[in-house]
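Following: one structure in structure tokens, then a few remarks.
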Amino acid sequence: MLSRVAPWLTSASQRGPVPEAPAGAGGSIRPLADADTAALWSLVRADPVANVFMAAHLEAAGNAGPTPSGARVLGYFDGDRLAAACWAGVNVVPVGLDALRGAHMGTFLAHANRHVSSIFGPAEGVLGIWSTLQHSSAEPFDVRPDQPLMELRGAPAVEPGPSLRFSTLEDLEALVPACVAMFEEEVGYSPLSGGGQHY
């Protein structure tokens with residue numbers, strides 16, 4: 001299994017600086033820096049449910065700059081305006097990308113030699129990225145063009161199960177193996193391989 005996973009590990013994605021490059025249709029793509037944080041937050045807040053992954057990153061990291069693991073947030077710029085973005089680590093997560101911009105982002109990722117474990121997020125951006133990135137990627141485990149995002153807007157229609165509760169630190173030993181198993185069954189490899197840095 002490790003031989004199948006090795007190209008996707010974080011260390012394999014650290015190929016040095018990613019240059020700014022034309023994205024086509026008048027746009028350009030470049031890695032975001034700390035100064036782009038406010039603009040990225042504006043994109044995220046436009047659809048906070050779909051962009052929860054990027055929101056969690058921004059809350060944890062505090063800025064849009066590169067991470068110690070080698071992951072970056074790539075910005076798609078129309079002139080000086082940040083029009084869309086994309087988390088580019090072992091996972092690829094679009095923010096505000098339509099199909100055309102997604103295709104440009106996929107080409108950029110392919111030219112930057114980014115090895116990708118999964119692409120997830122709004123379908124239009126994901127499928128746009130995959131439309132061009134697939135030509136330089138390994139065969140996927142699955143492509144899911146229609147996987148609805150679950151959101152509850154209002155009071156639940158059923159009573160919650162009496163045994164359901166928020167987890168605590170005391171639950172950690174039971175939760176971690178369950179989370180690892182869920183990830184492995186869903187994605188196809190363990191998140192603990194390669195040091196566990198699959199963020």
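Starting from 1 in every chain, residues are counted up; chains themselves are A, B, ... following the order of the structure tokens, and ligands are numbered from 1 as listed.
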
Contact residues around segment 173-176 of chain A with only C-alpha atoms at 12 Å, ignoring same-chain residues under 6 positions, as a list in words: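 Non-adjacent residues within range: Phe166, Ser167, Met182, Phe183, Ser190, Pro191 and Leu192 of chain A.
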
What does the file look like for those residues with N, CA, C and O atoms, as an mmCIF file, in the first residue's frame?
data_model
loop_
_atom_site.group_PDB
_atom_site.id
_atom_site.type_symbol
_atom_site.label_atom_id
_atom_site.label_comp_id
_atom_site.auth_asym_id
_atom_site.auth_seq_id
_atom_site.Cartn_x
_atom_site.Cartn_y
_atom_site.Cartn_z
ATOM 1 N N PHE A 166 -21.557 15.291 22.949
ATOM 2 C CA PHE A 166 -20.266 15.771 22.480
ATOM 3 C C PHE A 166 -19.160 14.937 23.108
ATOM 4 O O PHE A 166 -19.267 14.526 24.270
ATOM 5 N N SER A 167 -18.107 14.692 22.347
ATOM 6 C CA SER A 167 -16.989 13.919 22.876
ATOM 7 C C SER A 167 -16.155 14.774 23.823
ATOM 8 O O SER A 167 -16.215 16.000 23.800
ATOM 9 N N MET A 182 -12.275 5.314 9.521
ATOM 10 C CA MET A 182 -13.201 5.990 8.614
ATOM 11 C C MET A 182 -12.446 6.625 7.449
ATOM 12 O O MET A 182 -12.845 6.486 6.284
ATOM 13 N N PHE A 183 -11.329 7.304 7.748
ATOM 14 C CA PHE A 183 -10.527 7.935 6.705
ATOM 15 C C PHE A 183 -10.008 6.887 5.727
ATOM 16 O O PHE A 183 -10.099 7.047 4.504
ATOM 17 N N SER A 190 -4.160 5.027 5.068
ATOM 18 C CA SER A 190 -4.213 5.557 6.437
ATOM 19 C C SER A 190 -3.697 6.993 6.505
ATOM 20 O O SER A 190 -2.669 7.318 5.897
ATOM 21 N N PRO A 191 -4.377 7.875 7.249
ATOM 22 C CA PRO A 191 -3.855 9.230 7.427
ATOM 23 C C PRO A 191 -2.590 9.256 8.263
ATOM 24 O O PRO A 191 -1.933 10.289 8.355
ATOM 25 N N LEU A 192 -2.244 8.134 8.895
ATOM 26 C CA LEU A 192 -1.036 8.070 9.711
ATOM 27 C C LEU A 192 0.205 7.698 8.910
ATOM 28 O O LEU A 192 1.315 7.777 9.417
#

Using only C-alpha atoms, which protein or nucleic acid residues come within 9 Å of segment 27-38 of chain A? Drop anything in the same chain fewer than 6 positions from it, and give the result as a short mmCIF file (atom, residue, chain, number, x, y, z; two decimals) with all heavy atoms, in the first residue's frame.
data_model
loop_
_atom_site.label_atom_id
_atom_site.label_comp_id
_atom_site.auth_asym_id
_atom_site.auth_seq_id
_atom_site.Cartn_x
_atom_site.Cartn_y
_atom_site.Cartn_z
N PRO A 17 9.62 26.65 -4.40
CA PRO A 17 8.64 27.73 -4.58
C PRO A 17 7.78 27.52 -5.80
O PRO A 17 8.22 27.00 -6.82
CB PRO A 17 9.52 28.98 -4.71
CG PRO A 17 10.84 28.47 -5.15
CD PRO A 17 10.99 27.11 -4.55
N VAL A 18 6.51 27.93 -5.69
CA VAL A 18 5.60 27.87 -6.81
C VAL A 18 5.51 29.27 -7.40
O VAL A 18 5.12 30.22 -6.72
CB VAL A 18 4.19 27.41 -6.35
CG1 VAL A 18 3.24 27.40 -7.54
CG2 VAL A 18 4.29 26.02 -5.72
N PRO A 19 5.87 29.46 -8.66
CA PRO A 19 5.89 30.81 -9.23
C PRO A 19 4.50 31.29 -9.57
O PRO A 19 3.56 30.52 -9.67
CB PRO A 19 6.71 30.61 -10.52
CG PRO A 19 6.42 29.19 -10.90
CD PRO A 19 6.29 28.43 -9.60
N GLU A 20 4.38 32.60 -9.78
CA GLU A 20 3.14 33.14 -10.32
C GLU A 20 3.07 32.76 -11.78
O GLU A 20 4.09 32.69 -12.47
CB GLU A 20 3.11 34.65 -10.15
CG GLU A 20 1.82 35.29 -10.62
CD GLU A 20 1.69 36.74 -10.22
OE1 GLU A 20 2.48 37.20 -9.39
OE2 GLU A 20 0.79 37.40 -10.75
N ALA A 21 1.87 32.47 -12.26
CA ALA A 21 1.73 32.04 -13.64
C ALA A 21 0.42 32.54 -14.20
O ALA A 21 -0.55 32.69 -13.47
CB ALA A 21 1.79 30.50 -13.73
N LEU A 58 -7.96 28.78 8.19
CA LEU A 58 -7.68 30.17 8.52
C LEU A 58 -7.80 30.41 10.03
O LEU A 58 -7.01 31.17 10.60
CB LEU A 58 -8.64 31.10 7.76
CG LEU A 58 -8.31 31.31 6.29
CD1 LEU A 58 -9.44 32.05 5.59
CD2 LEU A 58 -6.99 32.03 6.11
N GLY A 62 -4.33 31.37 11.20
CA GLY A 62 -4.37 32.81 11.40
C GLY A 62 -4.02 33.63 10.17
O GLY A 62 -4.15 34.84 10.18
N ASN A 63 -3.58 32.97 9.09
CA ASN A 63 -3.24 33.72 7.88
C ASN A 63 -3.30 32.82 6.66
O ASN A 63 -3.45 31.60 6.78
CB ASN A 63 -1.86 34.36 8.00
CG ASN A 63 -0.77 33.33 8.15
OD1 ASN A 63 -0.47 32.61 7.20
ND2 ASN A 63 -0.18 33.24 9.33
N ALA A 64 -3.17 33.42 5.49
CA ALA A 64 -3.28 32.70 4.22
C ALA A 64 -1.93 32.24 3.67
O ALA A 64 -1.87 31.69 2.58
CB ALA A 64 -3.97 33.60 3.18
N GLY A 65 -0.85 32.47 4.42
CA GLY A 65 0.49 32.12 3.95
C GLY A 65 0.74 30.62 3.93
O GLY A 65 -0.07 29.83 4.41
N PRO A 66 1.89 30.20 3.39
CA PRO A 66 2.24 28.78 3.33
C PRO A 66 2.31 28.16 4.72
O PRO A 66 2.56 28.84 5.72
CB PRO A 66 3.64 28.79 2.67
CG PRO A 66 3.71 30.09 1.96
CD PRO A 66 2.90 31.05 2.76
N ARG A 72 0.03 25.09 0.43
CA ARG A 72 -0.14 26.50 0.12
C ARG A 72 -1.59 26.75 -0.24
O ARG A 72 -2.31 25.84 -0.63
CB ARG A 72 0.73 26.90 -1.09
CG ARG A 72 2.22 26.79 -0.87
CD ARG A 72 2.96 27.07 -2.18
NE ARG A 72 4.39 27.14 -1.99
CZ ARG A 72 5.22 26.10 -2.07
NH1 ARG A 72 4.73 24.90 -2.30
NH2 ARG A 72 6.52 26.25 -1.91
N VAL A 73 -1.99 28.01 -0.13
CA VAL A 73 -3.27 28.43 -0.70
C VAL A 73 -2.94 29.20 -1.97
O VAL A 73 -2.19 30.19 -1.93
CB VAL A 73 -4.07 29.32 0.28
CG1 VAL A 73 -5.40 29.71 -0.37
CG2 VAL A 73 -4.31 28.60 1.60
N LEU A 74 -3.45 28.72 -3.08
CA LEU A 74 -3.22 29.39 -4.36
C LEU A 74 -4.38 30.33 -4.63
O LEU A 74 -5.54 29.97 -4.46
CB LEU A 74 -3.12 28.36 -5.49
CG LEU A 74 -2.00 27.34 -5.35
CD1 LEU A 74 -2.09 26.29 -6.47
CD2 LEU A 74 -0.64 28.02 -5.37
N GLY A 75 -4.06 31.54 -5.06
CA GLY A 75 -5.08 32.51 -5.40
C GLY A 75 -5.24 32.66 -6.89
O GLY A 75 -4.26 32.65 -7.63
N TYR A 76 -6.48 32.77 -7.33
CA TYR A 76 -6.79 33.05 -8.73
C TYR A 76 -7.19 34.52 -8.81
O TYR A 76 -8.20 34.91 -8.24
CB TYR A 76 -7.92 32.15 -9.22
CG TYR A 76 -8.14 32.17 -10.72
CD1 TYR A 76 -7.83 31.06 -11.49
CD2 TYR A 76 -8.64 33.30 -11.35
CE1 TYR A 76 -8.02 31.08 -12.87
CE2 TYR A 76 -8.83 33.33 -12.72
CZ TYR A 76 -8.52 32.22 -13.48
OH TYR A 76 -8.71 32.24 -14.84
N PHE A 77 -6.40 35.31 -9.49
CA PHE A 77 -6.59 36.76 -9.51
C PHE A 77 -7.11 37.23 -10.86
O PHE A 77 -6.62 36.81 -11.91
CB PHE A 77 -5.27 37.48 -9.21
CG PHE A 77 -4.84 37.36 -7.78
CD1 PHE A 77 -4.14 36.24 -7.33
CD2 PHE A 77 -5.14 38.37 -6.86
CE1 PHE A 77 -3.74 36.13 -6.01
CE2 PHE A 77 -4.74 38.27 -5.54
CZ PHE A 77 -4.05 37.14 -5.11
N ASP A 78 -8.12 38.10 -10.80
CA ASP A 78 -8.54 38.87 -11.96
C ASP A 78 -7.96 40.26 -11.76
O ASP A 78 -8.48 41.04 -10.96
CB ASP A 78 -10.06 38.93 -12.05
CG ASP A 78 -10.66 37.60 -12.50
OD1 ASP A 78 -9.92 36.79 -13.09
OD2 ASP A 78 -11.86 37.37 -12.25
N GLY A 79 -6.87 40.56 -12.43
CA GLY A 79 -6.14 41.79 -12.16
C GLY A 79 -5.57 41.71 -10.75
O GLY A 79 -4.85 40.78 -10.40
N LEU A 82 -8.61 39.17 -5.80
CA LEU A 82 -8.66 37.73 -5.55
C LEU A 82 -10.06 37.23 -5.88
O LEU A 82 -11.03 37.53 -5.19
CB LEU A 82 -8.32 37.43 -4.08
CG LEU A 82 -8.32 35.95 -3.68
CD1 LEU A 82 -7.26 35.17 -4.46
CD2 LEU A 82 -8.10 35.80 -2.18
N ALA A 83 -10.18 36.48 -6.98
CA ALA A 83 -11.49 36.04 -7.47
C ALA A 83 -11.85 34.65 -6.98
O ALA A 83 -13.03 34.31 -6.88
CB ALA A 83 -11.48 36.06 -9.00
N ALA A 85 -9.83 30.80 -4.98
CA ALA A 85 -8.63 30.27 -4.32
C ALA A 85 -8.69 28.75 -4.31
O ALA A 85 -9.70 28.14 -4.68
CB ALA A 85 -8.51 30.81 -2.90
N ARG A 101 -12.18 28.38 -14.36
CA ARG A 101 -11.06 28.69 -13.46
C ARG A 101 -10.51 27.41 -12.84
O ARG A 101 -9.31 27.30 -12.62
CB ARG A 101 -11.51 29.66 -12.39
CG ARG A 101 -11.77 31.07 -12.91
CD ARG A 101 -12.39 31.94 -11.85
NE ARG A 101 -12.52 33.32 -12.30
CZ ARG A 101 -13.33 34.21 -11.76
NH1 ARG A 101 -14.10 33.87 -10.73
NH2 ARG A 101 -13.38 35.43 -12.22
N HIS A 104 -8.11 25.89 -15.25
CA HIS A 104 -6.83 26.61 -15.22
C HIS A 104 -6.03 26.22 -13.98
O HIS A 104 -4.80 26.05 -14.04
CB HIS A 104 -7.07 28.12 -15.24
CG HIS A 104 -7.67 28.61 -16.51
ND1 HIS A 104 -8.43 29.74 -16.59
CD2 HIS A 104 -7.62 28.12 -17.78
CE1 HIS A 104 -8.83 29.93 -17.84
NE2 HIS A 104 -8.35 28.96 -18.57
N MET A 105 -6.74 26.08 -12.84
CA MET A 105 -6.04 25.69 -11.61
C MET A 105 -5.47 24.27 -11.74
O MET A 105 -4.35 24.00 -11.27
CB MET A 105 -7.00 25.77 -10.42
CG MET A 105 -6.34 25.58 -9.06
SD MET A 105 -5.17 26.91 -8.61
CE MET A 105 -6.31 28.26 -8.23
N PHE A 108 -2.33 24.47 -13.67
CA PHE A 108 -1.27 25.06 -12.84
C PHE A 108 -0.71 24.02 -11.88
O PHE A 108 0.51 23.89 -11.73
CB PHE A 108 -1.84 26.24 -12.06
CG PHE A 108 -0.83 26.96 -11.21
CD1 PHE A 108 -0.10 28.01 -11.72
CD2 PHE A 108 -0.61 26.59 -9.89
CE1 PHE A 108 0.84 28.68 -10.94
CE2 PHE A 108 0.32 27.25 -9.11
CZ PHE A 108 1.04 28.29 -9.63
#

Any idea what's packed within 10 Å of Val95 of chain A, counting only C-alpha atoms, ignoring anything in its chain fewer than 3 positions away? Could you give it as a PDB file with all heavy atoms, in the first residue's frame?
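Listing of around_32.pdb after writing:
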ATOM      1  N   LEU A  40      -8.977  36.461   1.339  1.00  0.00           N
ATOM      2  CA  LEU A  40      -9.356  35.051   1.377  1.00  0.00           C
ATOM      3  C   LEU A  40     -10.552  34.843   2.298  1.00  0.00           C
ATOM      4  O   LEU A  40     -11.480  34.098   1.979  1.00  0.00           O
ATOM      5  CB  LEU A  40      -8.174  34.191   1.811  1.00  0.00           C
ATOM      6  CG  LEU A  40      -8.437  32.680   1.876  1.00  0.00           C
ATOM      7  CD1 LEU A  40      -8.909  32.141   0.527  1.00  0.00           C
ATOM      8  CD2 LEU A  40      -7.183  31.945   2.346  1.00  0.00           C
ATOM      9  N   LEU A  43     -13.739  35.610   0.496  1.00  0.00           N
ATOM     10  CA  LEU A  43     -14.178  34.505  -0.360  1.00  0.00           C
ATOM     11  C   LEU A  43     -14.836  33.402   0.461  1.00  0.00           C
ATOM     12  O   LEU A  43     -15.882  32.878   0.083  1.00  0.00           O
ATOM     13  CB  LEU A  43     -12.984  33.915  -1.121  1.00  0.00           C
ATOM     14  CG  LEU A  43     -12.412  34.684  -2.294  1.00  0.00           C
ATOM     15  CD1 LEU A  43     -11.213  33.929  -2.853  1.00  0.00           C
ATOM     16  CD2 LEU A  43     -13.464  34.889  -3.369  1.00  0.00           C
ATOM     17  N   VAL A  44     -14.214  33.048   1.563  1.00  0.00           N
ATOM     18  CA  VAL A  44     -14.729  31.962   2.406  1.00  0.00           C
ATOM     19  C   VAL A  44     -16.110  32.304   2.940  1.00  0.00           C
ATOM     20  O   VAL A  44     -17.027  31.472   2.940  1.00  0.00           O
ATOM     21  CB  VAL A  44     -13.741  31.680   3.559  1.00  0.00           C
ATOM     22  CG1 VAL A  44     -14.370  30.788   4.616  1.00  0.00           C
ATOM     23  CG2 VAL A  44     -12.459  31.050   3.017  1.00  0.00           C
ATOM     24  N   ALA A  46     -18.375  34.076   1.694  1.00  0.00           N
ATOM     25  CA  ALA A  46     -19.423  34.107   0.674  1.00  0.00           C
ATOM     26  C   ALA A  46     -20.238  32.813   0.671  1.00  0.00           C
ATOM     27  O   ALA A  46     -21.398  32.812   0.280  1.00  0.00           O
ATOM     28  CB  ALA A  46     -18.810  34.350  -0.707  1.00  0.00           C
ATOM     29  N   ASP A  47     -19.633  31.704   1.091  1.00  0.00           N
ATOM     30  CA  ASP A  47     -20.338  30.423   1.206  1.00  0.00           C
ATOM     31  C   ASP A  47     -19.694  29.640   2.348  1.00  0.00           C
ATOM     32  O   ASP A  47     -18.899  28.728   2.135  1.00  0.00           O
ATOM     33  CB  ASP A  47     -20.253  29.638  -0.106  1.00  0.00           C
ATOM     34  CG  ASP A  47     -21.192  28.437  -0.132  1.00  0.00           C
ATOM     35  OD1 ASP A  47     -21.687  28.039   0.945  1.00  0.00           O
ATOM     36  OD2 ASP A  47     -21.440  27.906  -1.226  1.00  0.00           O
ATOM     37  N   ALA A  50     -19.936  25.558   2.339  1.00  0.00           N
ATOM     38  CA  ALA A  50     -19.099  24.897   1.334  1.00  0.00           C
ATOM     39  C   ALA A  50     -17.615  25.097   1.616  1.00  0.00           C
ATOM     40  O   ALA A  50     -16.791  24.240   1.281  1.00  0.00           O
ATOM     41  CB  ALA A  50     -19.439  25.410  -0.063  1.00  0.00           C
ATOM     42  N   ASN A  51     -17.262  26.219   2.257  1.00  0.00           N
ATOM     43  CA  ASN A  51     -15.856  26.561   2.472  1.00  0.00           C
ATOM     44  C   ASN A  51     -15.392  26.304   3.898  1.00  0.00           C
ATOM     45  O   ASN A  51     -14.431  26.927   4.359  1.00  0.00           O
ATOM     46  CB  ASN A  51     -15.633  28.034   2.107  1.00  0.00           C
ATOM     47  CG  ASN A  51     -15.912  28.309   0.647  1.00  0.00           C
ATOM     48  OD1 ASN A  51     -15.638  27.473  -0.213  1.00  0.00           O
ATOM     49  ND2 ASN A  51     -16.484  29.464   0.356  1.00  0.00           N
ATOM     50  N   VAL A  52     -16.038  25.380   4.590  1.00  0.00           N
ATOM     51  CA  VAL A  52     -15.708  25.139   5.996  1.00  0.00           C
ATOM     52  C   VAL A  52     -14.264  24.661   6.169  1.00  0.00           C
ATOM     53  O   VAL A  52     -13.608  24.976   7.165  1.00  0.00           O
ATOM     54  CB  VAL A  52     -16.723  24.150   6.628  1.00  0.00           C
ATOM     55  CG1 VAL A  52     -16.608  22.762   6.006  1.00  0.00           C
ATOM     56  CG2 VAL A  52     -16.565  24.100   8.139  1.00  0.00           C
ATOM     57  N   PHE A  53     -13.735  23.901   5.207  1.00  0.00           N
ATOM     58  CA  PHE A  53     -12.350  23.431   5.311  1.00  0.00           C
ATOM     59  C   PHE A  53     -11.382  24.613   5.350  1.00  0.00           C
ATOM     60  O   PHE A  53     -10.496  24.682   6.203  1.00  0.00           O
ATOM     61  CB  PHE A  53     -12.018  22.511   4.135  1.00  0.00           C
ATOM     62  CG  PHE A  53     -10.590  22.014   4.142  1.00  0.00           C
ATOM     63  CD1 PHE A  53     -10.253  20.830   4.777  1.00  0.00           C
ATOM     64  CD2 PHE A  53      -9.583  22.728   3.512  1.00  0.00           C
ATOM     65  CE1 PHE A  53      -8.928  20.374   4.790  1.00  0.00           C
ATOM     66  CE2 PHE A  53      -8.266  22.283   3.518  1.00  0.00           C
ATOM     67  CZ  PHE A  53      -7.951  21.104   4.165  1.00  0.00           C
ATOM     68  N   MET A  54     -11.567  25.567   4.420  1.00  0.00           N
ATOM     69  CA  MET A  54     -10.667  26.715   4.384  1.00  0.00           C
ATOM     70  C   MET A  54     -10.866  27.603   5.607  1.00  0.00           C
ATOM     71  O   MET A  54      -9.900  28.169   6.134  1.00  0.00           O
ATOM     72  CB  MET A  54     -10.877  27.526   3.104  1.00  0.00           C
ATOM     73  CG  MET A  54      -9.822  28.588   2.886  1.00  0.00           C
ATOM     74  SD  MET A  54      -8.174  27.923   2.505  1.00  0.00           S
ATOM     75  CE  MET A  54      -8.398  27.507   0.779  1.00  0.00           C
ATOM     76  N   VAL A  73      -1.994  28.013  -0.133  1.00  0.00           N
ATOM     77  CA  VAL A  73      -3.268  28.435  -0.699  1.00  0.00           C
ATOM     78  C   VAL A  73      -2.936  29.201  -1.969  1.00  0.00           C
ATOM     79  O   VAL A  73      -2.185  30.186  -1.933  1.00  0.00           O
ATOM     80  CB  VAL A  73      -4.072  29.318   0.276  1.00  0.00           C
ATOM     81  CG1 VAL A  73      -5.405  29.713  -0.368  1.00  0.00           C
ATOM     82  CG2 VAL A  73      -4.314  28.602   1.599  1.00  0.00           C
ATOM     83  N   LEU A  74      -3.447  28.723  -3.083  1.00  0.00           N
ATOM     84  CA  LEU A  74      -3.224  29.385  -4.359  1.00  0.00           C
ATOM     85  C   LEU A  74      -4.376  30.335  -4.633  1.00  0.00           C
ATOM     86  O   LEU A  74      -5.545  29.972  -4.457  1.00  0.00           O
ATOM     87  CB  LEU A  74      -3.120  28.357  -5.490  1.00  0.00           C
ATOM     88  CG  LEU A  74      -1.999  27.336  -5.352  1.00  0.00           C
ATOM     89  CD1 LEU A  74      -2.092  26.295  -6.469  1.00  0.00           C
ATOM     90  CD2 LEU A  74      -0.636  28.024  -5.370  1.00  0.00           C
ATOM     91  N   GLY A  75      -4.062  31.535  -5.064  1.00  0.00           N
ATOM     92  CA  GLY A  75      -5.080  32.515  -5.395  1.00  0.00           C
ATOM     93  C   GLY A  75      -5.243  32.659  -6.888  1.00  0.00           C
ATOM     94  O   GLY A  75      -4.258  32.650  -7.635  1.00  0.00           O
ATOM     95  N   TYR A  76      -6.482  32.767  -7.328  1.00  0.00           N
ATOM     96  CA  TYR A  76      -6.790  33.046  -8.734  1.00  0.00           C
ATOM     97  C   TYR A  76      -7.190  34.517  -8.806  1.00  0.00           C
ATOM     98  O   TYR A  76      -8.201  34.911  -8.238  1.00  0.00           O
ATOM     99  CB  TYR A  76      -7.925  32.147  -9.217  1.00  0.00           C
ATOM    100  CG  TYR A  76      -8.137  32.174 -10.718  1.00  0.00           C
ATOM    101  CD1 TYR A  76      -7.828  31.064 -11.490  1.00  0.00           C
ATOM    102  CD2 TYR A  76      -8.644  33.298 -11.353  1.00  0.00           C
ATOM    103  CE1 TYR A  76      -8.019  31.082 -12.866  1.00  0.00           C
ATOM    104  CE2 TYR A  76      -8.828  33.333 -12.722  1.00  0.00           C
ATOM    105  CZ  TYR A  76      -8.524  32.219 -13.476  1.00  0.00           C
ATOM    106  OH  TYR A  76      -8.705  32.241 -14.836  1.00  0.00           O
ATOM    107  N   ALA A  83     -10.183  36.484  -6.978  1.00  0.00           N
ATOM    108  CA  ALA A  83     -11.486  36.039  -7.471  1.00  0.00           C
ATOM    109  C   ALA A  83     -11.848  34.652  -6.985  1.00  0.00           C
ATOM    110  O   ALA A  83     -13.034  34.311  -6.880  1.00  0.00           O
ATOM    111  CB  ALA A  83     -11.485  36.061  -8.998  1.00  0.00           C
ATOM    112  N   ALA A  84     -10.852  33.825  -6.678  1.00  0.00           N
ATOM    113  CA  ALA A  84     -11.077  32.458  -6.213  1.00  0.00           C
ATOM    114  C   ALA A  84      -9.772  31.970  -5.590  1.00  0.00           C
ATOM    115  O   ALA A  84      -8.750  32.650  -5.658  1.00  0.00           O
ATOM    116  CB  ALA A  84     -11.501  31.555  -7.366  1.00  0.00           C
ATOM    117  N   ALA A  85      -9.831  30.802  -4.978  1.00  0.00           N
ATOM    118  CA  ALA A  85      -8.632  30.271  -4.324  1.00  0.00           C
ATOM    119  C   ALA A  85      -8.686  28.755  -4.314  1.00  0.00           C
ATOM    120  O   ALA A  85      -9.701  28.145  -4.681  1.00  0.00           O
ATOM    121  CB  ALA A  85      -8.509  30.815  -2.899  1.00  0.00           C
ATOM    122  N   CYS A  86      -7.594  28.163  -3.885  1.00  0.00           N
ATOM    123  CA  CYS A  86      -7.527  26.709  -3.846  1.00  0.00           C
ATOM    124  C   CYS A  86      -6.480  26.278  -2.821  1.00  0.00           C
ATOM    125  O   CYS A  86      -5.327  26.706  -2.887  1.00  0.00           O
ATOM    126  CB  CYS A  86      -7.155  26.174  -5.227  1.00  0.00           C
ATOM    127  SG  CYS A  86      -7.141  24.376  -5.351  1.00  0.00           S
ATOM    128  N   TRP A  87      -6.889  25.461  -1.853  1.00  0.00           N
ATOM    129  CA  TRP A  87      -5.945  24.828  -0.947  1.00  0.00           C
ATOM    130  C   TRP A  87      -5.168  23.806  -1.749  1.00  0.00           C
ATOM    131  O   TRP A  87      -5.749  22.979  -2.464  1.00  0.00           O
ATOM    132  CB  TRP A  87      -6.689  24.144   0.192  1.00  0.00           C
ATOM    133  CG  TRP A  87      -5.802  23.299   1.049  1.00  0.00           C
ATOM    134  CD1 TRP A  87      -5.573  21.955   0.928  1.00  0.00           C
ATOM    135  CD2 TRP A  87      -5.013  23.729   2.167  1.00  0.00           C
ATOM    136  NE1 TRP A  87      -4.686  21.528   1.881  1.00  0.00           N
ATOM    137  CE2 TRP A  87      -4.331  22.596   2.657  1.00  0.00           C
ATOM    138  CE3 TRP A  87      -4.824  24.957   2.782  1.00  0.00           C
ATOM    139  CZ2 TRP A  87      -3.472  22.668   3.750  1.00  0.00           C
ATOM    140  CZ3 TRP A  87      -3.969  25.029   3.867  1.00  0.00           C
ATOM    141  CH2 TRP A  87      -3.305  23.892   4.340  1.00  0.00           C
ATOM    142  N   ASP A  98     -15.106  28.340 -10.533  1.00  0.00           N
ATOM    143  CA  ASP A  98     -16.062  27.771 -11.469  1.00  0.00           C
ATOM    144  C   ASP A  98     -15.326  26.750 -12.343  1.00  0.00           C
ATOM    145  O   ASP A  98     -14.131  26.484 -12.131  1.00  0.00           O
ATOM    146  CB  ASP A  98     -16.743  28.866 -12.293  1.00  0.00           C
ATOM    147  CG  ASP A  98     -15.746  29.718 -13.087  1.00  0.00           C
ATOM    148  OD1 ASP A  98     -14.602  29.282 -13.304  1.00  0.00           O
ATOM    149  OD2 ASP A  98     -16.129  30.835 -13.491  1.00  0.00           O
ATOM    150  N   GLY A 102     -11.383  26.456 -12.566  1.00  0.00           N
ATOM    151  CA  GLY A 102     -10.926  25.179 -12.035  1.00  0.00           C
ATOM    152  C   GLY A 102     -10.006  24.463 -13.011  1.00  0.00           C
ATOM    153  O   GLY A 102      -8.984  23.897 -12.622  1.00  0.00           O
ATOM    154  N   GLY A 121     -14.819  19.454  -2.417  1.00  0.00           N
ATOM    155  CA  GLY A 121     -15.431  20.769  -2.304  1.00  0.00           C
ATOM    156  C   GLY A 121     -16.577  20.875  -3.289  1.00  0.00           C
ATOM    157  O   GLY A 121     -17.070  19.867  -3.797  1.00  0.00           O
ATOM    158  N   PRO A 122     -17.020  22.095  -3.606  1.00  0.00           N
ATOM    159  CA  PRO A 122     -18.105  22.274  -4.575  1.00  0.00           C
ATOM    160  C   PRO A 122     -17.783  21.606  -5.904  1.00  0.00           C
ATOM    161  O   PRO A 122     -16.678  21.744  -6.437  1.00  0.00           O
ATOM    162  CB  PRO A 122     -18.209  23.801  -4.708  1.00  0.00           C
ATOM    163  CG  PRO A 122     -17.699  24.316  -3.388  1.00  0.00           C
ATOM    164  CD  PRO A 122     -16.592  23.369  -3.003  1.00  0.00           C
ATOM    165  N   GLY A 125     -16.053  23.412  -9.151  1.00  0.00           N
ATOM    166  CA  GLY A 125     -14.622  23.666  -9.034  1.00  0.00           C
ATOM    167  C   GLY A 125     -13.803  22.393  -9.043  1.00  0.00           C
ATOM    168  O   GLY A 125     -12.760  22.301  -9.687  1.00  0.00           O
ATOM    169  N   VAL A 126     -14.290  21.374  -8.322  1.00  0.00           N
ATOM    170  CA  VAL A 126     -13.577  20.088  -8.257  1.00  0.00           C
ATOM    171  C   VAL A 126     -13.468  19.465  -9.639  1.00  0.00           C
ATOM    172  O   VAL A 126     -12.393  19.036 -10.075  1.00  0.00           O
ATOM    173  CB  VAL A 126     -14.290  19.124  -7.285  1.00  0.00           C
ATOM    174  CG1 VAL A 126     -13.761  17.705  -7.431  1.00  0.00           C
ATOM    175  CG2 VAL A 126     -14.129  19.600  -5.849  1.00  0.00           C
TER     176      VAL A 126
END

Give me, as a Markdown table, each residue of segment 97-129 of chain A that comes within 10 Å of segment 141-162 of chain A, together with its shortest interatomic pair and the distance in Å at one decimal, counting only C-alpha atoms, with rows ordered by chain and rising residue number.
| residue | atom | partner | partner_atom | distance |
| --- | --- | --- | --- | --- |
| A:Ser117 | CA | A:Phe141 | CA | 9.8 |
| A:Ser118 | CA | A:Phe141 | CA | 9.4 |
| A:Ile119 | CA | A:Val143 | CA | 9.4 |
| A:Phe120 | CA | A:Arg144 | CA | 9.4 |
| A:Gly121 | CA | A:Leu149 | CA | 9.0 |
| A:Pro122 | CA | A:Leu149 | CA | 8.7 |
| A:Ala123 | CA | A:Pro145 | CA | 6.0 |
| A:Glu124 | CA | A:Pro145 | CA | 8.4 |
| A:Val126 | CA | A:Pro145 | CA | 8.5 |
| A:Leu127 | CA | A:Pro145 | CA | 7.1 |

Filtered DSSP result for chain A, state strand (DSSP E or B), as a PyMOL selection string: chain A and resi 21-24+27-31+72-78+81-88+91-95+118-119
